[in-house]
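**Student:** Here it is, the structure in full.
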Amino acid sequence: ASKRQKFIMNSCCLANGGAVLADILRGAPVAGKIKETLTERTAKLREKGIVPVLAILRVGERSGDLSYERGAAKCCSDVGVEVRRFILPQSCPSELLLETVTKINDDPSIHGCLVFRPLPNKEDEKAVCSMLSPSKDIDCITAESLTSVFTGAGEGFPPCTAQACIELLEHYGYDIQGKNITVIGRSLVIGKPVSMMLQSHNATVTMCHTKTRGIAEICAKAEILIAAAGKAGMVNADYTNSGQIVLDVGINVNSEGRLCGDADFDSVEKKAAAITPVPGGIGAVTSAVLVKHVIEAAEKAAKKKIL
């Protein structure tokens with residue numbers, strides 16, 4: 001809804017004794033702002049004869065992977081980044097998967113690699129995360145990249161979705177410094193890295209998970225709540241307060257076969273100050289951050305080549 005529509009709806013709610021609806025923090029404007037600078041940076045690289053290239057390594061045909069791939073590919077096309085797909089069957093042998101990673105590592109024209117996880121075989125996933133070159137790890141799956149997130153030193157990039165949370169908050173003018181932020185989730189994909197990144201911005205962070213006792217009460221005290229547990233509809237009105245900003249990072253499929261987040265959107269929207277929708281929220285920003293990392297990797301490679 002536009003600001004005028006939201007004003008009218010909230011006025012009607014108040015007149016009827018209802019709750020004021022939360023502001024909807026859409027990802028498209030944030031992604032668009034990020035992409036504005038990327039086109040110029042890609043053009044400068046092309047002037048030097050360098051075409052930024054993203055390799056997409058996908059095993060199988062999961063619907064969520066395909067959706068993200070389409071979004072990432074379109075974002076790449078919008079700013080002049082080339083995409084090369086390495087698509088393997090669900091039952092591919094480990095040898096073929098690892099040979100593909102080696103091929104990507106050894107190709108100097110490829111600057112970044114997106115590996116869709118989880119892989120069918122856990123041992124294969126460990127091997128891929130160990131083998132991928134940190135310089136091409138644009139979504140933080142290697143130990144070196146994780147080290148850089150936790151220590152602030154080293155090669156690699158932060159997870160795209162975790163970085164997208166920071167980008168969205170900054171775009172909408174929410175100051176992170178000094179804020180009490182609660183993160184639901186403890187994975188190395190979102191929960192743990194975003195917690196460290198928020199602390200680097202001087203936030204006070206509380207980490208929760210699905211086994212946390214009294215989790216609703218803890219979350220309801222937060223100024224900013226990041227839901228990344230991977231459990232559809234887990235966060236309801238009991239988890240929030242009237243001044244809270246809710247970032248819904250969850251990507252789930254409900255009983256009707258539709259994409260949904262970790263938040264029960266309808267109930268949270270009636271209580272929180274602002275919330276990201278699913279789809280249309282963090283996901284759009286994640287794709288833009290992914291492409292930004294590819295371009296940064298290409299710029300680093302170009303600098304090393306000149307030196």
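Letters A, B, ... mark the chains of the structure tokens in the order given; residue numbers begin at 1 per chain; ligand numbers begin at 1, in order shown.
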Neighbouring residues of stretch 162-177 of chain A were defined as those with any atom within 9 Å, considering only C-alpha atoms; residues of the same chain fewer than 4 positions away were excluded. Please report them as a VMD selection string.

**Tutor:** chain A and resid 25 to 27 29 to 31 33 to 34 158 181 189 to 191 193 to 195 197 to 199 201 to 204 224 226 245 247 249 281 to 289

**Student:** Report as a ChimeraX atom specification: the residues of stretch 29-168 of chain A with a DSSP assignment of alpha helix (DSSP H), based on the backbone of this structure.

**Tutor:** /A:29-47,63-79,94-106,122-131,143-151,160-168

**Student:** Compare A:Phe150, A:Arg62, A:Val246, A:Val51 by their minimum atom-to-atom distance to A:Thr276, counting only C-alpha atoms, and give me the closest one.

**Tutor:**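 Among A:Phe150, A:Arg62, A:Val246, A:Val51, it is A:Val246 that comes nearest to A:Thr276.
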
**Student:** Could you check which of A:Glu36, A:Glu82, A:Glu125, A:Glu99 is closest to A:His111, using only C-alpha atoms?

**Tutor:** A:Glu82

**Student:** Measure the distance from atom CA of A:Gly32 to atom CA of A:Glu69 in Å and round it to one decimal.

**Tutor:**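 Value for the atom CA of A:Gly32-atom CA of A:Glu69 distance: 18.0 Å.
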
**Student:** For A:Ala73, which residue out of A:Lys300, A:Ser267, A:Thr100, A:Leu290 is the nearest one, using only C-alpha atoms?

**Tutor:**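 Once distances to A:Ala73 are computed over only C-alpha atoms, the minimum belongs to A:Leu290.
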
**Student:** Just the strand (DSSP E or B) stuff from stretch 140-259 of chain A, please, per backbone DSSP, written as a list in words.

**Tutor:**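 Residues meeting the strand (DSSP E or B) criterion: Asn180, Ile181, Thr182, Val183, Ile184, Thr204, Val205, Thr206, Met207, Cys208, Ile224, Leu225, Ile226, Ala227, Val235, Ile245, Val246, Leu247, Asp248, Asn252, Val253 and Leu259 of chain A.
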
**Student:** Looking at A:Ala28, A:His209, A:Pro120, A:Gln244, which one is nearest to A:Asn180, with distances taken over only C-alpha atoms?

**Tutor:**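 Once distances to A:Asn180 are computed over only C-alpha atoms, the minimum belongs to A:Gln244.
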
**Student:** Could you give me, as a list in words, the residues within 9 Å of A:Val115, counting only C-alpha atoms and dropping anything in the same chain fewer than 5 positions from it?

**Tutor:**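 With the cut-off at 9 Å, the set is Ala55, Ile56, Leu57, Arg58, Val59, Val128, Asp137, Asp139 and Ile141 of chain A.
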
**Student:** When you count only C-alpha atoms, which of these residues is closest to A:Met196: A:Leu97, A:Ile218, A:Leu146, A:Ile251?

**Tutor:**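 With only C-alpha atoms as the atom set, the closest residue is A:Leu146.
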
**Student:** Taking into account only C-alpha atoms, which residue in the set A:Ala153, A:Leu225, A:Cys140, A:Val81 is nearest to A:Thr182?

**Tutor:**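 Looking only at the distances to A:Thr182, the closest residue turns out to be A:Leu225.
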
**Student:** Set the distance at 12 Å and use only C-alpha atoms: which residues neighbour A:Lys126 once local chain neighbours fewer than 4 positions away are removed? I'd like the list as a PyMOL selection string.

**Tutor:** chain A and resi 94+97-98+117-122+130-132+141-143

**Student:** Those residues with N, CA, C and O atoms, as a PDB file, in the first residue's frame please?

**Tutor:**
ATOM      1  N   SER A  94      29.800 -37.951  -6.128  1.00  0.00           N
ATOM      2  CA  SER A  94      30.624 -36.954  -5.435  1.00  0.00           C
ATOM      3  C   SER A  94      31.772 -36.471  -6.311  1.00  0.00           C
ATOM      4  O   SER A  94      32.132 -35.284  -6.292  1.00  0.00           O
ATOM      5  N   LEU A  97      30.687 -33.684  -8.649  1.00  0.00           N
ATOM      6  CA  LEU A  97      30.441 -32.435  -7.919  1.00  0.00           C
ATOM      7  C   LEU A  97      31.763 -31.737  -7.588  1.00  0.00           C
ATOM      8  O   LEU A  97      31.916 -30.530  -7.812  1.00  0.00           O
ATOM      9  N   LEU A  98      32.714 -32.486  -7.058  1.00  0.00           N
ATOM     10  CA  LEU A  98      33.992 -31.891  -6.660  1.00  0.00           C
ATOM     11  C   LEU A  98      34.815 -31.464  -7.880  1.00  0.00           C
ATOM     12  O   LEU A  98      35.537 -30.459  -7.828  1.00  0.00           O
ATOM     13  N   ARG A 117      22.475 -24.740  -1.197  1.00  0.00           N
ATOM     14  CA  ARG A 117      22.511 -25.716  -0.109  1.00  0.00           C
ATOM     15  C   ARG A 117      21.135 -25.798   0.553  1.00  0.00           C
ATOM     16  O   ARG A 117      20.348 -24.859   0.435  1.00  0.00           O
ATOM     17  N   PRO A 118      20.851 -26.902   1.257  1.00  0.00           N
ATOM     18  CA  PRO A 118      21.752 -28.024   1.521  1.00  0.00           C
ATOM     19  C   PRO A 118      21.918 -28.931   0.312  1.00  0.00           C
ATOM     20  O   PRO A 118      21.004 -29.065  -0.500  1.00  0.00           O
ATOM     21  N   LEU A 119      23.091 -29.532   0.203  1.00  0.00           N
ATOM     22  CA  LEU A 119      23.327 -30.522  -0.835  1.00  0.00           C
ATOM     23  C   LEU A 119      22.752 -31.864  -0.371  1.00  0.00           C
ATOM     24  O   LEU A 119      22.616 -32.101   0.833  1.00  0.00           O
ATOM     25  N   PRO A 120      22.418 -32.749  -1.301  1.00  0.00           N
ATOM     26  CA  PRO A 120      21.811 -34.034  -0.932  1.00  0.00           C
ATOM     27  C   PRO A 120      22.658 -34.846   0.047  1.00  0.00           C
ATOM     28  O   PRO A 120      22.121 -35.527   0.923  1.00  0.00           O
ATOM     29  N   ASN A 121      23.982 -34.766  -0.104  1.00  0.00           N
ATOM     30  CA  ASN A 121      24.889 -35.534   0.746  1.00  0.00           C
ATOM     31  C   ASN A 121      25.648 -34.576   1.667  1.00  0.00           C
ATOM     32  O   ASN A 121      26.330 -33.661   1.204  1.00  0.00           O
ATOM     33  N   LYS A 122      25.534 -34.772   2.985  1.00  0.00           N
ATOM     34  CA  LYS A 122      26.180 -33.869   3.951  1.00  0.00           C
ATOM     35  C   LYS A 122      27.695 -33.871   3.804  1.00  0.00           C
ATOM     36  O   LYS A 122      28.348 -32.832   3.966  1.00  0.00           O
ATOM     37  N   SER A 130      34.847 -26.752   1.867  1.00  0.00           N
ATOM     38  CA  SER A 130      36.299 -26.748   2.096  1.00  0.00           C
ATOM     39  C   SER A 130      37.064 -26.428   0.814  1.00  0.00           C
ATOM     40  O   SER A 130      38.130 -25.804   0.850  1.00  0.00           O
ATOM     41  N   MET A 131      36.511 -26.871  -0.324  1.00  0.00           N
ATOM     42  CA  MET A 131      37.229 -26.745  -1.593  1.00  0.00           C
ATOM     43  C   MET A 131      37.080 -25.391  -2.266  1.00  0.00           C
ATOM     44  O   MET A 131      38.005 -24.914  -2.921  1.00  0.00           O
ATOM     45  N   LEU A 132      35.914 -24.768  -2.128  1.00  0.00           N
ATOM     46  CA  LEU A 132      35.671 -23.527  -2.863  1.00  0.00           C
ATOM     47  C   LEU A 132      36.675 -22.456  -2.474  1.00  0.00           C
ATOM     48  O   LEU A 132      36.957 -22.243  -1.289  1.00  0.00           O
ATOM     49  N   ILE A 141      30.314 -19.521   2.595  1.00  0.00           N
ATOM     50  CA  ILE A 141      30.173 -20.932   2.938  1.00  0.00           C
ATOM     51  C   ILE A 141      31.500 -21.555   3.368  1.00  0.00           C
ATOM     52  O   ILE A 141      31.511 -22.662   3.901  1.00  0.00           O
ATOM     53  N   THR A 142      32.607 -20.850   3.152  1.00  0.00           N
ATOM     54  CA  THR A 142      33.908 -21.384   3.528  1.00  0.00           C
ATOM     55  C   THR A 142      34.295 -20.940   4.935  1.00  0.00           C
ATOM     56  O   THR A 142      33.802 -19.931   5.448  1.00  0.00           O
ATOM     57  N   ALA A 143      35.206 -21.693   5.545  1.00  0.00           N
ATOM     58  CA  ALA A 143      35.674 -21.358   6.896  1.00  0.00           C
ATOM     59  C   ALA A 143      36.358 -19.999   6.903  1.00  0.00           C
ATOM     60  O   ALA A 143      36.227 -19.229   7.869  1.00  0.00           O
TER      61      ALA A 143
END
